[in-house]
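K.L.:
Pasting in a structure now, in structure tokens, and then I'll have a few things to ask.
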Amino acid sequence: MRQAPNTFPRVLGPEPLVYYSFPAQWLTNFPTREISVGPPAAKLSYRIVPPADYGFHITSTNWPDGSRRRYRFDFRAAVPGPANAFTAAPRGTLFLLHGYGVDANTMLQWALTLGGDGWRCVLVDLRGHGDSTGKQVFFGARESLDLGQLANYLERHGELSHPMAVLGASYGGALALKWAGEDARLDRVVSLTPYDELEPAVLAIRDGYARWIPRGWVRRAAGRLPAEVGVAHAGLDPAHWLSERPVTALFVATDHDPIAPPAAVKRLHGMALPGSEYRHLSTGIHETAPFQFEELLPDVRKWLNRPAPAP
């Protein structure tokens, strides 16, 4: 469970429930960059998507496959996009954090959409994911410090415009809450389908994707994880993080989500600072939440573009 997901043998990968596509040449317009973070030492891979009019659109379809439903999302945009009023003076800097076991490309749709709104977007491959290195993951115990180091680096090199915001999904949504509690520069947080406790979320992932692993093994391993990464009991639970350092955030839950059920997301919302908001998606599953623009985009835009909070 601690092993970096990008080192897993591909043969062990389950068949995905969600597929997405975009032209590979888009990425040449947003070249990969690297920064050294740690300890423990790792290379964090990231891309910067500058503000421009990308004209992003997403189309979707879904189909039944036995007892499960599968989803496909196709992206369309003008890349590179023509400059807009924010290209030279961004509205702010938005960090986009992906879920466990995937990479930053799953958040590209947000970068192209909110980049059109004027945000300089930073797509990050978290430690042990995508093109980033690191032999293991820490489920938040180390990753929030990695992100702080990345923000410091961008600020030193004149690539960090304020205000600073973060939008994360699932594992990334949980990390967004922890990072915001540690970094006062973050005053806009969007957390899509975050789990409240790690162990139930891990068991739900096992139930959905890896039933061949005995459930008791997974439960015992999840119980050992805090000690294995050097934190106290419950030290990897977002509910614990918010109990110590509550933040103001927009929380999003969806039905049919055993990993981050609505009750768990509502619990986190109840622990957050006054002014936080909760939204409930009426369709989709945990894995589709980052792609459900028609329902999410108005609320996310309103939340990110609101006036800066008082000191």
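Residue numbering restarts at 1 in every chain; chains get A, B, ... in the order shown in the structure tokens, and ligands count up from 1 in that same order.
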Going by DSSP on the backbone, which residues of region 16-190 of chain A come out as helix (DSSP H, G or I)? List them as JSON, numbers by chain.

P.N.:
{"A": [24, 25, 26, 27, 28, 29, 104, 105, 106, 107, 108, 109, 110, 111, 112, 113, 114, 115, 116, 143, 144, 145, 146, 147, 148, 149, 150, 151, 152, 153, 154, 155, 156, 171, 172, 173, 174, 175, 176, 177, 178, 179, 180, 181, 182]}

K.L.:
For Val231 (chain A), list every protein, DNA or RNA residue within 12 Å, evaluated using only C-alpha atoms, and leave out those in the same chain fewer than 2 positions away; present the list as an MDAnalysis selection string.

P.N.:
chainID A and resid 138:142 223:229 233:237 240:241

K.L.:
Quick one: residues within 9 Å of Thr248 (chain A), only C-alpha atoms, excluding same-chain residues fewer than 6 positions away - as number ranges by chain?

P.N.:
A: 177, 180, 187-189, 269, 272-277

K.L.:
Would you work out the distance separating CA of Gly115 (chain A) from CA of Trp303 (chain A), expressed in Å to one decimal?

P.N.:
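According to the coordinates, CA of Gly115 (chain A) and CA of Trp303 (chain A) are separated by 15.2 Å.
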
K.L.:
Extract, using only C-alpha atoms, all DNA, RNA and protein residues at most 9 Å from Asp196 (chain A), discarding same-chain residues fewer than 5 positions from it, and format them as a PyMOL selection string.

P.N.:
chain A and resi 174+201+237-240+260+264-265+267-268

K.L.:
Please write the residues from the selection above to a file, keeping N, CA and C atoms, as a CSV table (one decimal), in the first residue's frame.

P.N.:
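The result, written out as part_25.csv:
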```csv
chain,number,residue,atom,x,y,z
A,174,ALA,N,-8.5,15.4,-0.6
A,174,ALA,CA,-8.1,15.3,0.8
A,174,ALA,C,-6.8,16.0,1.0
A,201,ALA,N,-12.0,4.2,3.2
A,201,ALA,CA,-11.8,4.5,1.7
A,201,ALA,C,-11.0,3.4,1.1
A,237,ASP,N,-6.1,10.7,8.4
A,237,ASP,CA,-7.5,11.0,8.2
A,237,ASP,C,-7.8,12.4,8.0
A,238,PRO,N,-8.4,12.9,6.9
A,238,PRO,CA,-8.8,14.3,6.7
A,238,PRO,C,-9.6,14.8,7.9
A,239,ALA,N,-10.5,14.0,8.5
A,239,ALA,CA,-11.2,14.4,9.6
A,239,ALA,C,-10.3,14.9,10.8
A,240,HIS,N,-9.2,14.1,10.9
A,240,HIS,CA,-8.2,14.5,12.0
A,240,HIS,C,-7.6,15.8,11.6
A,260,ALA,N,-16.0,7.9,-0.9
A,260,ALA,CA,-16.3,9.1,-0.2
A,260,ALA,C,-17.8,9.4,-0.2
A,264,ALA,N,-19.8,11.1,4.7
A,264,ALA,CA,-18.4,11.4,5.0
A,264,ALA,C,-18.1,12.8,4.6
A,265,VAL,N,-18.5,13.2,3.4
A,265,VAL,CA,-18.2,14.6,2.9
A,265,VAL,C,-18.9,15.6,3.8
A,267,ARG,N,-19.7,15.3,6.8
A,267,ARG,CA,-18.9,15.4,8.1
A,267,ARG,C,-17.8,16.3,8.0
A,268,LEU,N,-17.0,16.2,6.9
A,268,LEU,CA,-15.9,17.2,6.8
A,268,LEU,C,-16.4,18.6,6.6
```

K.L.:
From the list A:Arg185, A:His280, A:His129, A:Arg69, which residue is nearest His98 (chain A) when using only C-alpha atoms?

P.N.:
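With only C-alpha atoms as the atom set, the closest residue is A:His129.
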
K.L.:
Of the candidates A:Pro31, A:Pro90, A:Pro307, A:Pro23, which one gets nearest to Leu160 (chain A) if we count only C-alpha atoms?

P.N.:
A:Pro90

K.L.:
DSSP on the backbone, strand (DSSP E or B) only: what residues of region 31-142 of chain A does that give? Format it as a PyMOL selection string.

P.N.:
chain A and resi 33-37+42-49+57-65+68-76+92-97+119-125+136

K.L.:
Could you save the residues just selected, with N, CA and C atoms, as a short mmCIF file (atom, residue, chain, number, x, y, z; two decimals), in the first residue's frame?

P.N.:
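Saved the output as again12.cif:
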```cif
data_model
loop_
_atom_site.label_atom_id
_atom_site.label_comp_id
_atom_site.auth_asym_id
_atom_site.auth_seq_id
_atom_site.Cartn_x
_atom_site.Cartn_y
_atom_site.Cartn_z
N ARG A 33 7.85 20.09 -16.38
CA ARG A 33 8.95 20.65 -15.60
C ARG A 33 9.15 19.78 -14.37
N GLU A 34 10.30 19.93 -13.72
CA GLU A 34 10.60 19.13 -12.54
C GLU A 34 11.20 19.99 -11.45
N ILE A 35 10.93 19.60 -10.22
CA ILE A 35 11.54 20.23 -9.06
C ILE A 35 11.89 19.15 -8.06
N SER A 36 13.02 19.29 -7.40
CA SER A 36 13.42 18.35 -6.36
C SER A 36 12.72 18.72 -5.06
N VAL A 37 12.12 17.74 -4.41
CA VAL A 37 11.45 17.95 -3.14
C VAL A 37 11.93 16.90 -2.15
N ALA A 42 12.64 13.28 -3.88
CA ALA A 42 11.83 12.89 -5.04
C ALA A 42 11.86 14.03 -6.04
N LYS A 43 11.52 13.71 -7.27
CA LYS A 43 11.35 14.72 -8.31
C LYS A 43 9.86 14.89 -8.56
N LEU A 44 9.38 16.12 -8.40
CA LEU A 44 7.96 16.40 -8.62
C LEU A 44 7.80 16.96 -10.03
N SER A 45 6.96 16.30 -10.82
CA SER A 45 6.71 16.72 -12.20
C SER A 45 5.45 17.58 -12.25
N TYR A 46 5.51 18.66 -13.02
CA TYR A 46 4.35 19.55 -13.12
C TYR A 46 4.33 20.25 -14.47
N ARG A 47 3.15 20.75 -14.85
CA ARG A 47 2.98 21.55 -16.05
C ARG A 47 2.25 22.83 -15.67
N ILE A 48 2.56 23.91 -16.33
CA ILE A 48 1.86 25.17 -16.13
C ILE A 48 1.02 25.47 -17.36
N VAL A 49 -0.27 25.70 -17.13
CA VAL A 49 -1.20 26.07 -18.20
C VAL A 49 -1.53 27.55 -17.98
N HIS A 57 -14.39 22.30 -24.43
CA HIS A 57 -15.68 21.61 -24.40
C HIS A 57 -15.44 20.15 -24.05
N ILE A 58 -16.41 19.55 -23.41
CA ILE A 58 -16.32 18.14 -23.06
C ILE A 58 -17.61 17.46 -23.48
N THR A 59 -17.48 16.29 -24.10
CA THR A 59 -18.64 15.47 -24.43
C THR A 59 -18.50 14.14 -23.72
N SER A 60 -19.62 13.51 -23.42
CA SER A 60 -19.56 12.29 -22.61
C SER A 60 -20.57 11.27 -23.11
N THR A 61 -20.28 10.04 -22.78
CA THR A 61 -21.20 8.93 -23.03
C THR A 61 -20.97 7.88 -21.96
N ASN A 62 -21.94 7.00 -21.77
CA ASN A 62 -21.75 5.90 -20.83
C ASN A 62 -22.55 4.71 -21.33
N TRP A 63 -22.16 3.55 -20.87
CA TRP A 63 -22.80 2.32 -21.33
C TRP A 63 -22.72 1.26 -20.24
N PRO A 64 -23.69 0.37 -20.20
CA PRO A 64 -23.65 -0.71 -19.22
C PRO A 64 -22.65 -1.79 -19.64
N ASP A 65 -21.99 -2.36 -18.66
CA ASP A 65 -21.03 -3.43 -18.91
C ASP A 65 -21.19 -4.45 -17.79
N ARG A 68 -21.79 -3.25 -14.04
CA ARG A 68 -21.23 -1.92 -13.83
C ARG A 68 -21.47 -1.05 -15.06
N ARG A 69 -21.32 0.24 -14.87
CA ARG A 69 -21.46 1.19 -15.97
C ARG A 69 -20.11 1.84 -16.22
N ARG A 70 -19.77 2.00 -17.47
CA ARG A 70 -18.51 2.63 -17.83
C ARG A 70 -18.79 3.96 -18.53
N TYR A 71 -17.81 4.87 -18.43
CA TYR A 71 -18.00 6.25 -18.87
C TYR A 71 -16.83 6.67 -19.76
N ARG A 72 -17.14 7.53 -20.73
CA ARG A 72 -16.10 8.08 -21.59
C ARG A 72 -16.32 9.59 -21.73
N PHE A 73 -15.21 10.33 -21.64
CA PHE A 73 -15.25 11.78 -21.78
C PHE A 73 -14.21 12.18 -22.84
N ASP A 74 -14.64 12.98 -23.78
CA ASP A 74 -13.75 13.45 -24.86
C ASP A 74 -13.61 14.96 -24.75
N PHE A 75 -12.36 15.43 -24.83
CA PHE A 75 -12.06 16.85 -24.66
C PHE A 75 -11.82 17.49 -26.02
N ARG A 76 -12.32 18.72 -26.17
CA ARG A 76 -12.05 19.54 -27.34
C ARG A 76 -11.64 20.93 -26.88
N GLY A 92 -4.91 34.66 -10.62
CA GLY A 92 -4.29 33.99 -9.48
C GLY A 92 -3.69 32.69 -9.95
N THR A 93 -3.21 31.89 -9.01
CA THR A 93 -2.59 30.60 -9.33
C THR A 93 -3.41 29.48 -8.71
N LEU A 94 -3.79 28.52 -9.55
CA LEU A 94 -4.61 27.40 -9.11
C LEU A 94 -3.85 26.09 -9.28
N PHE A 95 -3.65 25.37 -8.19
CA PHE A 95 -3.01 24.06 -8.21
C PHE A 95 -4.10 22.99 -8.35
N LEU A 96 -3.86 22.03 -9.23
CA LEU A 96 -4.83 20.98 -9.51
C LEU A 96 -4.25 19.63 -9.09
N LEU A 97 -4.94 18.94 -8.18
CA LEU A 97 -4.42 17.71 -7.58
C LEU A 97 -5.31 16.52 -7.96
N TRP A 119 -7.06 32.03 -14.62
CA TRP A 119 -6.18 31.42 -13.63
C TRP A 119 -4.95 30.81 -14.30
N ARG A 120 -3.78 31.04 -13.70
CA ARG A 120 -2.59 30.27 -14.08
C ARG A 120 -2.70 28.94 -13.37
N CYS A 121 -2.83 27.85 -14.12
CA CYS A 121 -3.09 26.54 -13.54
C CYS A 121 -1.83 25.69 -13.51
N VAL A 122 -1.62 25.01 -12.40
CA VAL A 122 -0.45 24.16 -12.21
C VAL A 122 -0.94 22.72 -12.04
N LEU A 123 -0.64 21.89 -13.03
CA LEU A 123 -1.00 20.48 -12.99
C LEU A 123 0.15 19.71 -12.37
N VAL A 124 -0.10 19.04 -11.26
CA VAL A 124 0.96 18.38 -10.50
C VAL A 124 0.78 16.86 -10.52
N ASP A 125 1.86 16.14 -10.86
CA ASP A 125 1.90 14.71 -10.61
C ASP A 125 2.40 14.53 -9.17
N GLN A 136 7.70 5.60 -2.47
CA GLN A 136 6.46 5.31 -1.78
C GLN A 136 5.63 6.58 -1.64
#
```

K.L.:
In terms of the shortest atom-to-atom distance over only C-alpha atoms, which of A:Val247, A:Trp212, A:Val79, A:Leu145 is closest to Thr28 (chain A)?

P.N.:
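Nearest candidate to Thr28 (chain A) out of A:Val247, A:Trp212, A:Val79, A:Leu145: A:Val79.
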
K.L.:
Excluding same-chain residues fewer than 2 positions from Glu15 (chain A), what lies within 10 Å of it counting only C-alpha atoms, as number ranges by chain?

P.N.:
A: 12-13, 17-18, 70, 209

K.L.:
Between region 135-241 of chain A and region 108-113 of chain A, at 12 Å or less, what are the per-residue closest atom pairs and their distances in Å? Count only C-alpha atoms, order by chain and rising residue number, and return it as CSV.

P.N.:
```
residue,atom,partner,partner_atom,distance
A:Val166,CA,A:Trp110,CA,11.3
A:Leu167,CA,A:Trp110,CA,8.9
A:Gly168,CA,A:Trp110,CA,10.3
A:Ala169,CA,A:Trp110,CA,11.1
A:Val190,CA,A:Trp110,CA,11.8
```

K.L.:
Applying 9 Å and only C-alpha atoms, which residues near Lys266 (chain A) remain after dropping the ones on its own chain fewer than 3 positions away? List them as a ChimeraX atom specification.

P.N.:
/A:251-253,261-263,269-271,278

K.L.:
Those same residues, written as a short mmCIF file (atom, residue, chain, number, x, y, z; two decimals), in the first residue's frame with C-alpha atoms?

P.N.:
```
data_model
loop_
_atom_site.label_atom_id
_atom_site.label_comp_id
_atom_site.auth_asym_id
_atom_site.auth_seq_id
_atom_site.Cartn_x
_atom_site.Cartn_y
_atom_site.Cartn_z
CA PHE A 251 -16.97 20.39 -0.63
CA VAL A 252 -18.53 18.21 -3.33
CA ALA A 253 -20.07 14.75 -2.88
CA PRO A 261 -20.00 8.73 0.63
CA PRO A 262 -22.09 11.89 1.06
CA ALA A 263 -22.22 11.35 4.83
CA HIS A 269 -18.02 20.14 5.78
CA GLY A 270 -19.35 20.26 9.33
CA MET A 271 -15.79 20.38 10.69
CA TYR A 278 -21.40 21.81 0.35
#
```

K.L.:
Out of A:Gly172, A:Gly181, A:Gly284, A:Gly216, which residue has the shortest atom-to-atom distance to Ser243 (chain A) when counting only C-alpha atoms?

P.N.:
A:Gly181

K.L.:
By how many Å are CA of Pro50 (chain A) and CA of Gly128 (chain A) apart?

P.N.:
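Separating CA of Pro50 (chain A) from CA of Gly128 (chain A) is a distance of 25.3 Å.
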
K.L.:
In Å to one decimal, how far is CA of Ala52 (chain A) from CA of Gly116 (chain A)?

P.N.:
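Spanning CA of Gly116 (chain A) to CA of Ala52 (chain A) is a straight-line distance of 5.1 Å.
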